[in-house]
Amino acid sequence: MKGFKWVVILLAGYLLNSCAAGNLSRVAFTSRDIGEYHKAIQKFRKANKKEKDRDKRMEYAYAIGECYRHLGEYEMAALYYRNAVRRNHPDPKALLWNAEMLRASQKYEESLENYRAYLEEVPGDQWALNGMESITLTQQWVANPTRHIVNPEKELNSRESDYCPVFLGNSDNEILFTSARKASTGKRRSMITGQTYADLFKSEFNVQRQKWGTPKLADENMIVNTTDEEGAVSVAGTGSQVLFTRCRYDKNQSMGAQIYSTSQVRGSWAEPVKLDIFADSILVAHPALSADGSVLYFVSDKPGGQGGNDIWRAQKSGGVFVDPENLGSVVNTPGNEMFPFVRDNGELYFSSDYHLGMGGLDIFRAVEDEDGNWTVENMGYPMNSSQDDFGISFVAGKDQGLFSSNRKGSRSDDIYSFVVPPIIYQASGDIFNKETGTRVDGATIRIIGTDGTNLRMRADNGKFQVKLNPATEYVFAAVREGFLIDKARATTEGLTDSKNFNFELYLTPVDAPIRLNNINYEFGKFDLLPESIVALDSLVDLLELNPTITIELMAHTDHIGGDQFNFDLSQKRAQSVVDYLIGQGINPRRLVAKGYGETWPKTVTRDIATRYDWLKRGDELTEQFIESLDSEEKKDAARAINRRTEFRVTSTDFIETYD
C-alpha cells in the first residue's frame with residue numbers, strides 16, 4: 001500500500017533517529033527504523049549482495065519483509081518473510097507476519113501452517129487467532145457477496161497512488177482526492193514510499209460522456225498544495241469548510257502530520273490554519289467531519305489509546321474543536337484504525353488492519369446507539385479484498401460513492417466506485433388459451449396484495465407487467481369472458497435482492513368438456529384412489545376461484561364390458577367426485593353427476609395429439625377406430641384415454657344464497 005496514507009503510521013518511528021554514516025547495513029537498518037522503507041529496501045539489497053554471512057542475510061530478508069509490509073506490498077513481503085522463516089529466524093514474529101502476508105496473498109493453507117507454528121511459540125496470541133478466523137470468514141464473504149457493484153474509475157487513476165476521494169458539498173459530480181501523480185507540486189521523492197509527495201486534486205463528472213474529467217490540481221497557487229505533503233481531505237455537508245492533512249518536512253526530516261482548515265470561495269482558497277487538537281502529538285490526521293460540521297473524527301497515535309493509531313472525535317464549540325475523546329475498544333484495537341468517514345445518516349466508516357477482515361486494511365461500518373455503544377461490522381466482499389481497502393465516501397442520501405484500494409488489477413492505490421442497486425420486484429405474465437395454446441387478448445388481471453394492493457389491469461396481446469412492493473404476498477387472477485379464471489401467486493417476503501416473477505396463465509374455454517387428469521378408481525369399481533386427491537383439490541380451487549359457475553361432472557368408460565354395467569359404473573364414479581367436492585365445502589347446487597358409459601368417445605385434442613404421434617387432432621376414439629389401430633399397445637392407450645372424468649360448465653351466473 002504505497003503512498004501518503006501510510007505516512008500516519010510511519011511518522012512515529014520516523015522522528016526517533018537520524019540517518020548516521022556507516023556501512024550499507026547500518027544505513028539500511030537505520031532507514032528502516034525511522035520509516036524510510038523505500039530507501040531501506042534499496043540499501044538492504046545492496047548489502048545482501050556483498051554479504052556472505054548466512055545469519056546476516058537472514059536478518060536482511062526479515063528486514064526487507066518488514067519494509068514491504070509497512071508499504072502494503074504484501075506479496076513481496078511474503079517472499080522475504082518466507083526466506084527468513086526457512087532460515088529459522090529466531091523472532092517468532094517472522095512466522096506471524098509471514099502468515100499475514102500469505103493470507104493477503106490468498107495462500108490460505110500455507111498461511112494457516114504459519115499461524116499454527118507461531119501459536120506454538122506464542123500461545124493464545126490474539127493477532128494470530130484473528131488471522132485464522134479471518135480466513136474462514138473471507139471464504140464465507142466471497143461465497144456470499146453483498147449487493148455492491150464495484151468498478152475502477154480509470155479516468156481518476158494514474159500509475160502512482162490515488163486515494164481518499166470525497167464529494168464536494170452535497171454534489172455527486174465533483175470530488176477532491178489525494179494523489180502522488182507526476183503533476184504534484186512537490187517534486188521530492190519520499191524516502192518512505194519512493195513516490196513524490198502527494199497533493200490534492202479535483203475532478204468533475206461529465207454527465208454527457210458519463211466519465212470523470214481529467215484530474216487537475218485542486219490548488220495551483222501553492223496555498224493548499226505545497227512542496228510538503230497534503231492529503232486525506234474532508235468536506236462538511238455544505239462544502240463551506242475543508243479539512244485536510246499536511247505532513248511537513250525539513251530537509252527530508254518529518255515534522256509530523258497535522259490537520260489544517262481552509263475554505264474555497266469562487267475558486268480561491270483561504271490560507272490554511274492548523275487545528276490545535278493535541279499539542280503533544282506528532283500525529284493528528286485523516287479528518288472526517290459530520291454532515292453538519294459539528295463533530296470532527298480524526299486519527300492519532302496519542303498515548304492512552306488502544307494501540308497503534310486510533311480514531312478520536314471532538315465537538316465543535318465557539319468555532320474550534322474541543323474535548324477530544326477516544327472512540328474506545330469496540331472501534332479501536334491494538335492495530336491501526338484509519339480513514340474515518342461520517343455518512344449523512346450518522347454512520348461511521350473506517351479502515352482497520354486488526355478487526356476480522358480479508359487482509360490488509362478492510363473497510364468497516366460502525367453504528368452508535370443512544371447509550372454510546374458501538375456496533376462494528378465488516379462491509380464484506382466485494383467492497384473488501386485481500387489487499388488494502390480504505391478511504392470510502394458516500395454520495396449524500398444514496399447507497400453509492402467512491403473508495404480506494406490496491407486490490408488485484410490496481411496499478412498502485414486506485415479509486416473505485418461502488419453502488420448498491422435498488423431492489424426491484426416485478427411480475428410479468430403471458431395468458432394463453434389452454435385448449436389452443438394461443439394468446440388470449442383482452443383479459444383483465446386482478447392483483448391483490450397483503451399490503452392492501454387491489455389493482456385491475458388489461459393484458460394487451462396476452463401479456464402484462466407490474467412492479468411489486470417488498471414484504472408482500474400477491475395473488476394474480478386472469479379473467480376473460482367465456483373462460484375459466486386462472487391464478488398465480490408470488491411473494492416478496494424475505495427477499496433481499498431484486499427478482500422478476502414470470503407466470504404463464506392458462507384460461508380454459510367454458511364451451512368444451514375439461515378433462516380432470518389423474519382421477520383414478522379401483523379397477524371395475526367407483527372408489528377413488530388416494531392419488532386422485534391432488535387433482536380433485538385443484539378442482540376445488542378452480543370452483544372457489546370461479547364462484548359463479550355450475551358444472552356437470554362427467555364420467556366415461558371404454559367399450560369393454562356390458563353397456564348397462566358401464567353406465568352404472570360411470571354414474572357412480574361421477575357421483576364419487578361430486579361427493580368429494582361437497583365434502584370440501586362446494587355448494588351441491590353447483591354440481592351435477594352424470595355417467596355416460598361408453599357412449600361419448602373422446603375426440604382427440606391438441607394436447608392429446610402432442611403426446612401421441614399416432615393420433616391427430618379431431619380423431620374420435622370410437623370402438624371401430626380403436627380396433628383399427630395396428631398394435632395392442634396403441635389400442636390400450638386409446639381405451640385409457642376414453643376412460644376419463646371430465647367436467648363442463650353449465651352456467652356462469654350462479655349466485656350463492658344463504659338461508
# chains A, B, ... in the order shown; residues from 1 in each chain; ligands from 1
$ select_by_dssp --residues "range 299-387 of chain A" --states "strand (DSSP E)" --output "count of residues only"
40
$ residues_around --residues "Lys434 in chain A" --least-positions-apart "5" --cutoff "6 Å" --atoms "only C-alpha atoms" --output "PyMOL selection string"
chain A and resi 506-508
$ write_last_selection --atoms "all heavy atoms" --output "mmCIF file, in the first residue's frame"
data_model
loop_
_atom_site.group_PDB
_atom_site.id
_atom_site.type_symbol
_atom_site.label_atom_id
_atom_site.label_comp_id
_atom_site.auth_asym_id
_atom_site.auth_seq_id
_atom_site.Cartn_x
_atom_site.Cartn_y
_atom_site.Cartn_z
ATOM 1 N N TYR A 506 -53.205 -20.013 -17.911
ATOM 2 C CA TYR A 506 -53.951 -20.727 -18.942
ATOM 3 C C TYR A 506 -55.444 -20.626 -18.650
ATOM 4 O O TYR A 506 -55.930 -21.131 -17.628
ATOM 5 C CB TYR A 506 -53.509 -22.184 -19.010
ATOM 6 C CG TYR A 506 -52.102 -22.340 -19.537
ATOM 7 C CD1 TYR A 506 -51.012 -22.318 -18.669
ATOM 8 C CD2 TYR A 506 -51.869 -22.472 -20.902
ATOM 9 C CE1 TYR A 506 -49.713 -22.432 -19.158
ATOM 10 C CE2 TYR A 506 -50.569 -22.597 -21.390
ATOM 11 C CZ TYR A 506 -49.506 -22.569 -20.518
ATOM 12 O OH TYR A 506 -48.218 -22.677 -21.012
ATOM 13 N N LEU A 507 -56.163 -19.973 -19.563
ATOM 14 C CA LEU A 507 -57.604 -19.803 -19.415
ATOM 15 C C LEU A 507 -58.316 -20.902 -20.211
ATOM 16 O O LEU A 507 -58.046 -21.090 -21.406
ATOM 17 C CB LEU A 507 -58.036 -18.430 -19.913
ATOM 18 C CG LEU A 507 -57.391 -17.230 -19.208
ATOM 19 C CD1 LEU A 507 -58.033 -15.931 -19.671
ATOM 20 C CD2 LEU A 507 -57.505 -17.355 -17.694
ATOM 21 N N THR A 508 -59.202 -21.605 -19.545
ATOM 22 C CA THR A 508 -59.899 -22.734 -20.157
ATOM 23 C C THR A 508 -61.240 -22.281 -20.713
ATOM 24 O O THR A 508 -62.051 -21.697 -19.975
ATOM 25 C CB THR A 508 -60.122 -23.841 -19.124
ATOM 26 O OG1 THR A 508 -58.858 -24.216 -18.553
ATOM 27 C CG2 THR A 508 -60.783 -25.050 -19.760
#
$ residues_around --residues "Ile423 in chain A" --least-positions-apart "4" --cutoff "10 Å" --atoms "only C-alpha atoms" --output "ChimeraX atom specification"
/A:147,469-470,495-499
$ residues_around --residues "Glu504 in chain A" --least-positions-apart "3" --cutoff "7 Å" --atoms "only C-alpha atoms" --output "MDAnalysis selection string"
chainID A and resid 429:431
$ residues_around --residues "range 133-143 of chain A" --least-positions-apart "6" --cutoff "12 Å" --atoms "only C-alpha atoms" --output "JSON, numbers by chain"
{"A": [99, 100, 102, 103, 104, 105, 106, 107, 108, 109, 110, 111, 112, 115, 126, 127, 353, 354, 355, 356, 357, 358, 359, 360, 362, 378, 379, 380, 381, 382, 383, 384, 385, 386]}
